[in-house]
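One file, target-v3.txt, is given below (compact mmCIF, C-alpha atoms).
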# COMPACT_ATOMS: atom_id res chain seq x y z
CA MET A 1 -106.26 21.56 59.60
CA LYS A 2 -106.87 20.69 63.25
CA ALA A 3 -108.26 17.36 62.15
CA THR A 4 -105.10 16.65 60.20
CA LEU A 5 -102.92 17.51 63.15
CA ARG A 6 -105.03 15.33 65.43
CA TRP A 7 -104.71 12.44 62.94
CA MET A 8 -100.94 12.84 62.69
CA THR A 9 -100.62 13.06 66.46
CA SER A 10 -102.72 10.01 67.03
CA ASN A 11 -100.87 8.05 64.29
CA ALA A 12 -97.32 9.31 65.02
CA PRO A 13 -96.07 5.94 66.31
CA LEU A 14 -97.29 4.25 63.14
CA LEU A 15 -95.65 6.90 60.94
CA ILE A 16 -92.30 6.58 62.75
CA LEU A 17 -92.48 2.78 62.51
CA SER A 18 -93.23 3.00 58.80
CA LEU A 19 -90.23 5.30 58.29
CA ILE A 20 -87.93 2.96 60.20
CA LEU A 21 -89.19 -0.04 58.24
CA GLY A 22 -88.65 1.83 54.98
CA VAL A 23 -85.09 2.70 55.90
CA LEU A 24 -84.42 -0.89 56.94
CA ALA A 25 -85.85 -2.16 53.68
CA TRP A 26 -83.60 0.21 51.75
CA VAL A 27 -80.56 -0.86 53.75
CA VAL A 28 -81.33 -4.53 53.16
CA ALA A 29 -81.78 -3.92 49.44
CA VAL A 30 -78.49 -2.06 49.21
CA GLU A 31 -76.67 -4.70 51.25
CA GLU A 32 -77.96 -7.47 49.02
CA GLY A 33 -76.86 -5.63 45.87
CA ASP A 34 -73.45 -4.49 47.20
CA PRO A 35 -72.59 -6.45 50.37
CA THR A 36 -70.16 -5.07 52.94
CA ARG A 37 -66.90 -6.98 53.55
CA GLU A 38 -64.22 -6.59 56.19
CA GLU A 39 -60.82 -8.00 55.28
CA ARG A 40 -57.11 -7.33 55.51
CA PHE A 41 -55.80 -5.21 52.61
CA PRO A 42 -53.46 -7.45 50.54
CA GLN A 43 -50.53 -5.01 50.48
CA ALA A 44 -48.52 -3.59 53.36
CA LEU A 45 -48.48 0.21 53.48
CA PRO A 46 -45.24 2.20 53.82
CA VAL A 47 -44.97 4.61 56.75
CA THR A 48 -43.77 8.14 55.95
CA LEU A 49 -41.88 10.17 58.55
CA VAL A 50 -42.81 13.83 58.75
CA ASN A 51 -41.41 16.87 60.57
CA LEU A 52 -37.97 15.47 61.37
CA PRO A 53 -36.35 18.16 63.58
CA GLU A 54 -33.56 20.11 61.92
CA GLY A 55 -30.10 18.81 62.69
CA MET A 56 -31.38 15.38 63.73
CA THR A 57 -31.05 12.07 61.86
CA ILE A 58 -32.49 8.58 62.21
CA VAL A 59 -30.23 5.74 63.23
CA GLU A 60 -30.66 2.64 61.01
CA VAL A 61 -32.51 2.38 57.72
CA PHE A 62 -36.21 3.18 58.06
CA ASP A 63 -38.53 0.91 56.06
CA GLU A 64 -41.49 0.30 58.39
CA GLU A 65 -44.83 -0.86 56.96
CA VAL A 66 -48.30 -1.42 58.41
CA GLU A 67 -50.96 -4.06 57.76
CA VAL A 68 -54.55 -2.69 57.66
CA THR A 69 -58.03 -4.20 57.89
CA VAL A 70 -60.72 -2.33 55.93
CA ARG A 71 -64.50 -2.43 56.07
CA ALA A 72 -66.26 -1.29 52.88
CA PRO A 73 -68.89 -2.23 50.31
CA ASP A 74 -67.67 -4.86 47.87
CA SER A 75 -67.58 -2.40 44.95
CA VAL A 76 -65.43 0.03 46.94
CA TRP A 77 -63.18 -2.75 48.34
CA ASN A 78 -62.34 -3.96 44.84
CA SER A 79 -61.22 -0.48 43.76
CA LEU A 80 -58.89 0.23 46.71
CA LYS A 81 -55.25 1.08 45.90
CA VAL A 82 -52.18 1.74 48.03
CA ASP A 83 -52.38 5.42 47.04
CA ASP A 84 -55.78 5.65 48.80
CA PHE A 85 -54.03 5.26 52.17
CA THR A 86 -51.70 7.62 54.01
CA ALA A 87 -49.62 6.31 56.93
CA THR A 88 -47.46 8.89 58.71
CA ALA A 89 -45.43 9.26 61.91
CA ASP A 90 -44.97 12.81 63.21
CA LEU A 91 -41.48 13.51 64.66
CA THR A 92 -42.16 17.10 65.70
CA GLU A 93 -39.95 18.31 68.59
CA LEU A 94 -38.38 14.88 69.22
CA GLY A 95 -34.84 14.98 70.61
CA THR A 96 -31.93 12.58 71.01
CA GLY A 97 -32.90 9.12 72.21
CA ILE A 98 -35.33 6.25 71.66
CA HIS A 99 -38.93 7.18 70.86
CA GLU A 100 -42.26 5.36 70.48
CA VAL A 101 -44.10 7.31 67.78
CA PRO A 102 -47.80 6.61 66.98
CA ILE A 103 -48.79 5.97 63.37
CA HIS A 104 -51.55 8.15 61.92
CA LEU A 105 -53.54 6.33 59.22
CA VAL A 106 -56.00 7.94 56.79
CA LEU A 107 -58.14 6.17 54.16
CA ASP A 108 -59.25 8.65 51.50
CA LYS A 109 -62.09 6.65 49.96
CA HIS A 110 -65.73 6.60 51.03
CA PRO A 111 -67.78 4.83 52.13
CA SER A 112 -65.00 2.79 53.76
CA ARG A 113 -63.03 2.82 56.98
CA VAL A 114 -60.00 1.21 58.59
CA THR A 115 -61.13 -1.00 61.46
CA GLN A 116 -57.67 -2.15 62.55
CA PHE A 117 -53.99 -1.69 61.70
CA GLU A 118 -50.73 -2.97 63.10
CA PRO A 119 -48.32 -1.95 64.35
CA GLU A 120 -49.97 1.13 65.83
CA ASP A 121 -46.65 2.80 66.62
CA ILE A 122 -42.98 2.56 65.63
CA THR A 123 -39.72 2.71 67.57
CA LEU A 124 -37.10 5.21 66.38
CA VAL A 125 -33.64 6.21 67.54
CA LEU A 126 -32.73 9.84 66.85
CA GLN A 127 -29.31 11.42 67.10
CA PRO A 128 -27.82 14.75 66.11
CA GLU A 129 -26.43 14.65 62.57
CA ALA A 130 -22.65 15.09 62.32
CA GLU A 131 -19.90 15.02 59.74
CA GLN A 132 -16.12 14.91 59.65
CA THR A 133 -13.29 14.47 57.16
CA VAL A 134 -11.25 11.26 57.29
CA PRO A 135 -8.18 10.11 55.31
CA VAL A 136 -8.46 7.65 52.42
CA HIS A 137 -6.39 4.50 52.99
CA VAL A 138 -5.39 2.02 50.26
CA GLN A 139 -4.89 -1.54 51.45
CA VAL A 140 -2.68 -3.34 48.91
CA GLU A 141 -3.13 -7.11 48.70
CA GLY A 142 -0.90 -9.73 47.04
CA GLU A 143 2.46 -9.43 45.32
CA PRO A 144 3.43 -8.68 41.71
CA THR A 145 5.04 -11.29 39.47
CA LEU A 146 8.54 -12.28 40.55
CA GLY A 147 11.02 -9.65 39.42
CA TYR A 148 8.53 -6.78 39.72
CA LEU A 149 8.20 -4.26 42.55
CA LYS A 150 5.16 -2.32 43.78
CA ARG A 151 5.66 1.35 44.60
CA ALA A 152 3.67 3.67 46.90
CA SER A 153 -0.02 4.06 46.06
CA VAL A 154 -1.31 7.28 44.54
CA VAL A 155 -4.92 8.10 45.56
CA ASP A 156 -7.22 10.97 44.60
CA PRO A 157 -8.75 12.48 46.68
CA ARG A 158 -6.71 11.81 49.79
CA GLU A 159 -9.60 12.69 52.13
CA VAL A 160 -13.36 12.23 52.12
CA LYS A 161 -16.30 13.50 54.22
CA VAL A 162 -18.36 11.09 56.30
CA SER A 163 -21.81 12.01 57.69
CA GLY A 164 -24.55 10.40 59.75
CA PRO A 165 -25.53 9.91 63.42
CA SER A 166 -22.98 11.61 65.66
CA THR A 167 -21.98 8.55 67.73
CA TYR A 168 -21.31 6.53 64.59
CA VAL A 169 -19.50 9.31 62.71
CA ALA A 170 -17.18 9.62 65.70
CA GLN A 171 -16.16 5.95 65.28
CA VAL A 172 -14.91 6.40 61.68
CA VAL A 173 -11.12 6.87 61.51
CA LYS A 174 -10.58 6.22 57.80
CA ALA A 175 -12.21 5.38 54.48
CA ALA A 176 -10.44 2.31 53.10
CA THR A 177 -10.30 0.49 49.78
CA ARG A 178 -8.68 -2.83 48.85
CA VAL A 179 -6.56 -3.19 45.70
CA SER A 180 -4.95 -6.46 44.57
CA VAL A 181 -1.57 -6.46 42.76
CA GLU A 182 -1.31 -10.26 42.71
CA GLY A 183 0.68 -11.36 39.65
CA ALA A 184 0.84 -7.81 38.22
CA THR A 185 3.42 -6.85 35.62
CA ALA A 186 2.07 -3.35 34.88
CA ASP A 187 0.60 -0.41 36.82
CA ILE A 188 -2.73 -1.05 38.56
CA GLU A 189 -5.14 1.86 38.22
CA GLY A 190 -8.86 2.48 38.33
CA LYS A 191 -11.80 3.50 40.54
CA PHE A 192 -12.17 1.46 43.73
CA GLN A 193 -14.99 1.18 46.31
CA LEU A 194 -14.57 2.95 49.67
CA GLN A 195 -15.71 1.64 53.06
CA PRO A 196 -15.83 3.54 56.41
CA LEU A 197 -13.75 1.72 59.08
CA ASP A 198 -13.20 2.16 62.80
CA SER A 199 -9.90 1.97 64.70
CA GLU A 200 -10.02 -1.84 64.66
CA GLY A 201 -10.60 -2.02 60.93
CA GLN A 202 -14.28 -2.95 61.23
CA PRO A 203 -16.99 -1.38 59.00
CA VAL A 204 -19.05 1.39 60.65
CA PRO A 205 -22.83 1.24 59.94
CA TYR A 206 -25.40 4.01 59.45
CA VAL A 207 -22.96 6.54 57.94
CA GLU A 208 -22.49 7.83 54.41
CA LEU A 209 -19.35 8.78 52.51
CA ALA A 210 -19.42 11.79 50.21
CA LEU A 211 -17.72 9.61 47.56
CA GLU A 212 -18.39 5.94 46.88
CA ARG A 213 -15.21 5.42 44.80
CA VAL A 214 -11.76 6.99 44.52
CA ASP A 215 -9.06 6.92 41.84
CA VAL A 216 -6.11 4.71 42.78
CA ARG A 217 -2.85 4.00 40.93
CA ILE A 218 -0.18 1.59 42.12
CA PRO A 219 3.03 1.77 40.04
CA ILE A 220 4.54 -1.63 39.20
CA GLU A 221 8.21 -1.58 38.12
CA LEU A 222 10.63 -4.21 36.90
CA SER A 223 13.58 -4.77 39.24
CA THR A 224 17.01 -4.07 37.73
CA TYR A 225 18.05 -7.56 38.89
CA TYR A 226 15.35 -9.29 36.83
CA ARG A 227 14.27 -9.32 33.19
CA PRO A 228 11.60 -11.26 31.28
CA LEU A 229 12.97 -13.12 28.23
CA ALA A 230 10.96 -14.68 25.42
CA VAL A 231 11.69 -18.36 24.78
CA LYS A 232 13.04 -18.88 21.24
CA VAL A 233 12.76 -22.46 19.96
CA THR A 234 15.75 -23.95 18.11
CA LEU A 235 14.96 -26.75 15.61
CA GLU A 236 17.32 -29.07 13.75
CA GLY A 237 16.74 -31.47 10.88
CA GLN A 238 14.03 -31.64 8.19
CA ILE A 239 10.53 -33.01 8.52
CA ALA A 240 9.38 -35.79 6.17
CA TYR A 241 8.67 -35.00 2.52
CA GLY A 242 5.08 -33.91 1.96
CA TYR A 243 4.64 -32.46 5.46
CA ARG A 244 4.80 -28.93 6.84
CA ILE A 245 5.13 -27.14 10.22
CA THR A 246 1.92 -25.27 11.01
CA GLU A 247 2.79 -23.81 14.44
CA ILE A 248 5.49 -23.61 17.10
CA SER A 249 4.13 -22.81 20.57
CA VAL A 250 5.77 -22.41 23.97
CA ASP A 251 4.03 -22.56 27.37
CA PRO A 252 4.88 -20.35 29.17
CA PRO A 253 6.08 -18.13 26.31
CA SER A 254 8.65 -16.33 28.47
CA VAL A 255 10.84 -16.84 31.53
CA THR A 256 12.32 -14.45 34.10
CA ALA A 257 16.11 -14.14 34.17
CA SER A 258 17.97 -12.82 37.19
CA GLY A 259 21.55 -11.64 37.70
CA HIS A 260 23.71 -8.57 38.14
CA PRO A 261 22.10 -5.47 36.58
CA SER A 262 24.98 -5.03 34.11
CA VAL A 263 24.67 -8.66 32.94
CA ILE A 264 20.88 -8.49 32.76
CA ALA A 265 20.98 -5.24 30.76
CA ALA A 266 23.34 -6.82 28.18
CA LEU A 267 21.02 -9.75 27.41
CA PRO A 268 19.00 -9.84 24.18
CA GLY A 269 15.24 -10.00 24.57
CA PHE A 270 15.12 -13.80 24.28
CA ILE A 271 16.66 -17.04 25.47
CA GLU A 272 17.09 -20.05 23.18
CA THR A 273 16.21 -23.68 23.81
CA GLU A 274 18.59 -26.54 23.21
CA PRO A 275 18.00 -27.94 19.66
CA ILE A 276 14.87 -30.04 19.12
CA SER A 277 15.17 -32.68 16.38
CA ILE A 278 12.39 -32.76 13.78
CA GLU A 279 14.21 -35.10 11.40
CA ARG A 280 11.69 -36.94 9.15
CA ALA A 281 8.84 -36.06 11.54
CA GLN A 282 5.27 -36.79 10.34
CA ALA A 283 3.35 -35.87 13.53
CA ASP A 284 3.35 -33.26 16.31
CA ILE A 285 6.40 -33.10 18.58
CA VAL A 286 6.00 -32.13 22.26
CA GLU A 287 9.12 -31.71 24.41
CA ARG A 288 10.51 -29.90 27.47
CA PRO A 289 13.89 -28.81 26.10
CA ALA A 290 16.62 -27.38 28.29
CA LEU A 291 17.35 -23.66 27.96
CA ASN A 292 20.66 -22.26 26.73
CA ILE A 293 21.29 -20.05 29.79
CA PRO A 294 24.16 -17.53 29.48
CA SER A 295 26.94 -17.43 32.08
CA GLY A 296 26.18 -15.30 35.15
CA VAL A 297 22.42 -15.59 34.61
CA SER A 298 19.88 -17.79 36.36
CA VAL A 299 16.33 -18.45 35.24
CA VAL A 300 13.45 -18.39 37.71
CA MET A 301 10.62 -20.69 36.67
CA ASP A 302 8.13 -23.00 38.29
CA GLU A 303 8.58 -25.62 35.58
CA GLN A 304 10.37 -26.20 32.29
CA PRO A 305 8.62 -24.57 29.28
CA VAL A 306 6.73 -27.01 27.04
CA VAL A 307 7.39 -26.71 23.29
CA ARG A 308 4.89 -28.03 20.75
CA VAL A 309 5.83 -28.25 17.07
CA SER A 310 2.63 -28.86 15.10
CA ILE A 311 3.16 -30.87 11.88
CA GLU A 312 0.63 -31.87 9.27
CA ALA A 313 0.66 -33.36 5.78
CA ILE A 314 0.59 -30.93 2.87
CA GLN A 315 -2.80 -31.06 1.24
CA SER A 316 -2.80 -31.46 -2.55
CA SER A 317 -5.04 -32.58 -5.42
CA LEU A 318 -4.77 -35.20 -8.13
CA THR A 319 -6.76 -35.77 -11.35
CA VAL A 320 -7.22 -39.38 -12.46
CA VAL A 321 -9.08 -41.06 -15.34
CA ILE A 322 -10.88 -44.25 -14.33
CA THR A 323 -12.84 -46.91 -16.20
CA PRO A 324 -16.07 -47.75 -14.33
CA GLN A 325 -16.66 -51.28 -13.05
CA ILE A 326 -20.04 -52.96 -13.56
CA GLN A 327 -21.75 -54.77 -10.71
CA GLY A 328 -25.17 -56.34 -10.18
CA LEU A 329 -25.96 -57.02 -13.88
CA ASP A 330 -28.44 -59.88 -14.21
CA PRO A 331 -27.35 -62.91 -16.25
CA GLY A 332 -28.44 -62.86 -19.87
CA TYR A 333 -27.91 -59.11 -20.30
CA THR A 334 -25.19 -57.05 -21.93
CA THR A 335 -24.30 -53.38 -21.36
CA THR A 336 -22.89 -50.46 -23.26
CA VAL A 337 -21.38 -47.68 -21.08
CA SER A 338 -21.07 -44.09 -22.33
CA PRO A 339 -18.60 -42.53 -21.74
CA GLU A 340 -16.26 -45.41 -21.12
CA THR A 341 -14.14 -43.43 -18.63
CA VAL A 342 -14.72 -40.71 -16.02
CA VAL A 343 -12.47 -37.96 -14.69
CA VAL A 344 -12.09 -37.79 -10.88
CA ILE A 345 -10.41 -34.99 -8.91
CA LEU A 346 -9.02 -36.23 -5.59
CA SER A 347 -7.74 -34.24 -2.60
CA GLY A 348 -5.74 -35.31 0.43
CA PRO A 349 -2.25 -35.50 1.94
CA LEU A 350 0.45 -35.19 -0.70
CA PRO A 351 2.36 -38.32 0.44
CA VAL A 352 -0.81 -40.41 0.12
CA LEU A 353 -1.77 -39.04 -3.30
CA GLU A 354 1.71 -39.65 -4.68
CA THR A 355 1.66 -43.32 -3.66
CA LEU A 356 -1.80 -44.22 -5.02
CA GLU A 357 -1.95 -47.41 -7.14
CA ASP A 358 -4.27 -47.87 -10.13
CA ASP A 359 -6.71 -50.05 -8.18
CA ASP A 360 -6.79 -47.82 -5.08
CA VAL A 361 -9.59 -45.71 -6.57
CA ARG A 362 -12.61 -47.45 -8.11
CA ILE A 363 -15.74 -46.22 -9.87
CA LEU A 364 -18.70 -48.59 -9.50
CA LEU A 365 -21.93 -48.72 -11.52
CA ASP A 366 -24.69 -50.62 -9.70
CA LEU A 367 -27.05 -52.19 -12.28
CA PHE A 368 -28.92 -54.48 -9.93
CA GLY A 369 -32.53 -55.06 -11.06
CA LEU A 370 -32.28 -52.93 -14.21
CA LEU A 371 -34.39 -54.03 -17.19
CA PRO A 372 -33.36 -53.67 -20.83
CA GLY A 373 -33.27 -50.03 -21.90
CA THR A 374 -31.24 -46.84 -21.50
CA HIS A 375 -30.48 -45.67 -17.96
CA GLN A 376 -28.62 -42.76 -16.33
CA ILE A 377 -26.58 -44.12 -13.44
CA GLU A 378 -24.87 -42.04 -10.73
CA PRO A 379 -21.44 -43.59 -10.21
CA GLN A 380 -20.21 -44.64 -6.74
CA ILE A 381 -16.58 -44.02 -5.83
CA ALA A 382 -14.34 -45.90 -3.40
CA VAL A 383 -11.19 -44.10 -2.19
CA PRO A 384 -8.51 -44.84 0.45
CA GLU A 385 -8.85 -43.44 3.99
CA GLY A 386 -7.80 -39.77 4.18
CA VAL A 387 -8.55 -39.12 0.48
CA THR A 388 -11.63 -37.20 -0.67
CA ALA A 389 -13.27 -37.21 -4.11
CA GLN A 390 -13.86 -33.55 -4.86
CA SER A 391 -15.70 -34.11 -8.16
CA ILE A 392 -16.65 -36.77 -10.71
CA ASN A 393 -17.10 -35.82 -14.38
CA PRO A 394 -19.59 -36.62 -15.74
CA ALA A 395 -21.84 -36.83 -12.69
CA THR A 396 -24.02 -39.52 -14.35
CA ILE A 397 -23.16 -42.23 -16.89
CA GLN A 398 -25.45 -43.59 -19.59
CA VAL A 399 -25.82 -47.35 -19.52
CA GLU A 400 -27.71 -49.34 -22.22
CA VAL A 401 -28.90 -52.71 -21.00
CA ALA A 402 -29.81 -55.26 -23.67
CA ILE A 403 -30.64 -58.94 -23.87
CA ALA A 404 -27.58 -60.92 -24.82
CA PRO A 405 -27.91 -62.53 -28.29
CA THR A 406 -28.59 -66.29 -28.39
CA PRO A 407 -25.52 -68.17 -29.69
CA THR A 408 -26.02 -69.66 -33.19
CA PRO A 409 -25.54 -73.46 -33.23
CA SER A 410 -22.40 -74.41 -35.13
CA GLU A 411 -22.67 -76.76 -38.15
CA ASP A 412 -20.69 -79.94 -38.17
Please express what this file holds, its structure, as structure tokens.
Amino acid sequence: MKATLRWMTSNAPLLILSLILGVLAWVVAVEEGDPTREERFPQALPVTLVNLPEGMTIVEVFDEEVEVTVRAPDSVWNSLKVDDFTATADLTELGTGIHEVPIHLVLDKHPSRVTQFEPEDITLVLQPEAEQTVPVHVQVEGEPTLGYLKRASVVDPREVKVSGPSTYVAQVVKAATRVSVEGATADIEGKFQLQPLDSEGQPVPYVELALERVDVRIPIELSTYYRPLAVKVTLEGQIAYGYRITEISVDPPSVTASGHPSVIAALPGFIETEPISIERAQADIVERPALNIPSGVSVVMDEQPVVRVSIEAIQSSLTVVITPQIQGLDPGYTTTVSPETVVVILSGPLPVLETLEDDDVRILLDLFGLLPGTHQIEPQIAVPEGVTAQSINPATIQVEVAIAPTPTPSED
């Protein structure tokens, strides 16, 4: 036993050196298999505020983030997530004013550590939280259509609470919304966005309204001195035979009449145009006719209404029987066509169909290059412009091509 102790004592330096070399060898082996890396984490980390004193609030929107540099083995580095970090700023016992608050950063993943982060502290402005009730103001923009009047706005609720930092809450004198009545002919109502404003009408930041929107109704009434009247078109004459009127349009479709209330009240709901002639018309007519304005009434309008009378030909159909015409038959051949006639149904404008001549519609059989024998040929049809062949019966025609007989010499 004493010999063993003497040996250990005498060889202690060698034993310690061997242990150190062993540890170093292990460290080198581990480092080679899973090397350590030190890099900036690719995502910024949000800072969480904790222990905000009761009754205090932060001025401005807080969205601070920190950038961190981490040292860790490669396998650990690759598994790091944002949730592995905690960045906090402790606001315990802070009062009104501007504060520099240090950031406390924790990395909950081992073996790894944060070697650097920035910023290391944040600047905050704290104020006592306050609230007050301010009136809701409706700012009406624009004017209704001529002849209409806007009445006083109806808003619900009439007041709203505003809260936030005390110095900013004190600046708010009203919660305002903008409503346009430009060109209105009926009540304007709906939910409209509120905005906190100061005494100069400027938006106040860093405060919140208890309601984002309020119900607003602005009554729009027709003045007793004005009345909208539909424009009624007066036509005279008859359009050409075979044509029809498809539409009568007016732009604008109504005008505003003005006058004494008793005269305005006695008017019918329309005003007529001076007569527009459509005699023997075969195409659209576009005019700006004068209006037949009653005595004691004036019409307010930016420009004369435009009247369009849309006219088109009446569409009809016609059945014709046609004998096909042969083309392209080589010399020295004869043909036999079966059937000898085909039935064609045509469609188009009635005036055109009623004036068709016999040779206006042709059925053609193209026999170019055909050899003797029996063939089924699809007929080709030629029709005047504006006319359509709806069907051909039969759809194919049998044609027998034969060699023409040689003439027999005549005897003297």
Within 9 Å of range 135-141 of chain A, which residues of range 158-260 of chain A show up? Give each one with its shortest atom-to-atom distance in Å (one decimal) and the two atoms involved, counting only C-alpha atoms, rows by chain then rising residue number, as a tab-separated table.
residue	atom	partner	partner_atom	distance
A:Arg158	CA	A:Val136	CA	5.2
A:Glu159	CA	A:Pro135	CA	4.3
A:Val160	CA	A:Pro135	CA	6.4
A:Lys161	CA	A:Pro135	CA	8.9
A:Val173	CA	A:Pro135	CA	7.6
A:Lys174	CA	A:Pro135	CA	5.2
A:Ala175	CA	A:Val136	CA	4.8
A:Ala176	CA	A:His137	CA	4.6
A:Thr177	CA	A:Val138	CA	5.2
A:Arg178	CA	A:Gln139	CA	4.8
A:Val179	CA	A:Val140	CA	5.0
A:Ser180	CA	A:Glu141	CA	4.6
A:Val181	CA	A:Glu141	CA	6.2
A:Glu182	CA	A:Glu141	CA	7.0
A:Leu194	CA	A:Val136	CA	8.2
A:Val214	CA	A:Val136	CA	8.6
A:Val216	CA	A:Val138	CA	8.0
A:Ile218	CA	A:Val140	CA	8.8
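Counting from CA of Asp215 in chain A, the distance to CA of Pro196 in chain A is 16.4 Å.
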Close residues, Glu340 in chain A itself excluded, 9 Å, all atoms listed in the file, min 2 positions apart in chain, as a ChimeraX atom specification: /A:322-324,336-338,342,397
Any chance you can output those residues with C-alpha atoms as a short mmCIF file (atom, residue, chain, number, x, y, z; two decimals), in the coordinates of the input?
data_model
loop_
_atom_site.label_atom_id
_atom_site.label_comp_id
_atom_site.auth_asym_id
_atom_site.auth_seq_id
_atom_site.Cartn_x
_atom_site.Cartn_y
_atom_site.Cartn_z
CA ILE A 322 -10.88 -44.25 -14.33
CA THR A 323 -12.84 -46.91 -16.20
CA PRO A 324 -16.07 -47.75 -14.33
CA THR A 336 -22.89 -50.46 -23.26
CA VAL A 337 -21.38 -47.68 -21.08
CA SER A 338 -21.07 -44.09 -22.33
CA VAL A 342 -14.72 -40.71 -16.02
CA ILE A 397 -23.16 -42.23 -16.89
#
Atom pair CA of Ser112 in chain A / CA of Leu45 in chain A: separation (Å): 16.7 Å
Coordinates-based distance that separates CA of Leu126 in chain A from CA of Val162 in chain A (Å, one decimal): 17.9 Å
Spatial neighbours of Asp251 in chain A, 10 Å, only C-alpha atoms, chain gap at least 2 places, as a list in words: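 The contact residues come out as Val231, Ser249, Pro253, Ser254, Val255, Arg288, Glu303, Gln304, Pro305, Val306, Val307 and Arg308 of chain A.
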Give as a PDB file with C-alpha atoms, keeping the file's coordinate frame every residue, naming chains and numbers as the document does, that has an atom within 10 Å of (-7.6, -37.7, 2.5), counting only C-alpha atoms.
ATOM      1  CA  ALA A 313       0.660 -33.360   5.780  1.00  0.00           C
ATOM      2  CA  GLN A 315      -2.800 -31.060   1.240  1.00  0.00           C
ATOM      3  CA  SER A 316      -2.800 -31.460  -2.550  1.00  0.00           C
ATOM      4  CA  SER A 317      -5.040 -32.580  -5.420  1.00  0.00           C
ATOM      5  CA  LEU A 346      -9.020 -36.230  -5.590  1.00  0.00           C
ATOM      6  CA  SER A 347      -7.740 -34.240  -2.600  1.00  0.00           C
ATOM      7  CA  GLY A 348      -5.740 -35.310   0.430  1.00  0.00           C
ATOM      8  CA  PRO A 349      -2.250 -35.500   1.940  1.00  0.00           C
ATOM      9  CA  LEU A 350       0.450 -35.190  -0.700  1.00  0.00           C
ATOM     10  CA  VAL A 352      -0.810 -40.410   0.120  1.00  0.00           C
ATOM     11  CA  LEU A 353      -1.770 -39.040  -3.300  1.00  0.00           C
ATOM     12  CA  VAL A 383     -11.190 -44.100  -2.190  1.00  0.00           C
ATOM     13  CA  PRO A 384      -8.510 -44.840   0.450  1.00  0.00           C
ATOM     14  CA  GLU A 385      -8.850 -43.440   3.990  1.00  0.00           C
ATOM     15  CA  GLY A 386      -7.800 -39.770   4.180  1.00  0.00           C
ATOM     16  CA  VAL A 387      -8.550 -39.120   0.480  1.00  0.00           C
ATOM     17  CA  THR A 388     -11.630 -37.200  -0.670  1.00  0.00           C
ATOM     18  CA  ALA A 389     -13.270 -37.210  -4.110  1.00  0.00           C
TER      19      ALA A 389
END
Nearest candidate to Gly190 in chain A (options A:Ile311, A:Val154, A:Ala130, A:Ala283; using only C-alpha atoms):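 Smallest separation from Gly190 in chain A among the options: A:Val154.
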A:Leu124, A:Ile345, A:Val47, A:Ile392 ranked by distance to His104 in chain A, top pick (using all atoms listed in the file):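 The closest residue to His104 in chain A is A:Val47.
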Contact residues around Asn78 in chain A with all atoms listed in the file at 12 Å, ignoring same-chain residues under 2 positions, as a list of chain:residue names: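 Near neighbours after the sequence-gap exclusion: A:Asp34, A:Pro35, A:Thr36, A:Arg37, A:Glu38, A:Glu39, A:Phe41, A:Pro42, A:Val70, A:Arg71, A:Ala72, A:Pro73, A:Asp74, A:Ser75, A:Val76, A:Leu80, A:Lys81, A:Lys109, A:Ser112.
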Shell around Ile122 in chain A at 7 Å using all atoms listed in the file, local window under 5 positions removed, as a PyMOL selection string: chain A and resi 100-102
Near-Val297 in chain A list (10 Å; all atoms listed in the file; drop same-chain fewer than 6 positions) as a PyMOL selection string: chain A and resi 226+257-260+263-264+267
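Considering only C-alpha atoms, the residue among A:Gln193, A:Ser391, A:Ser277, A:Ser310 positioned nearest to Gly237 in chain A is A:Ser277.
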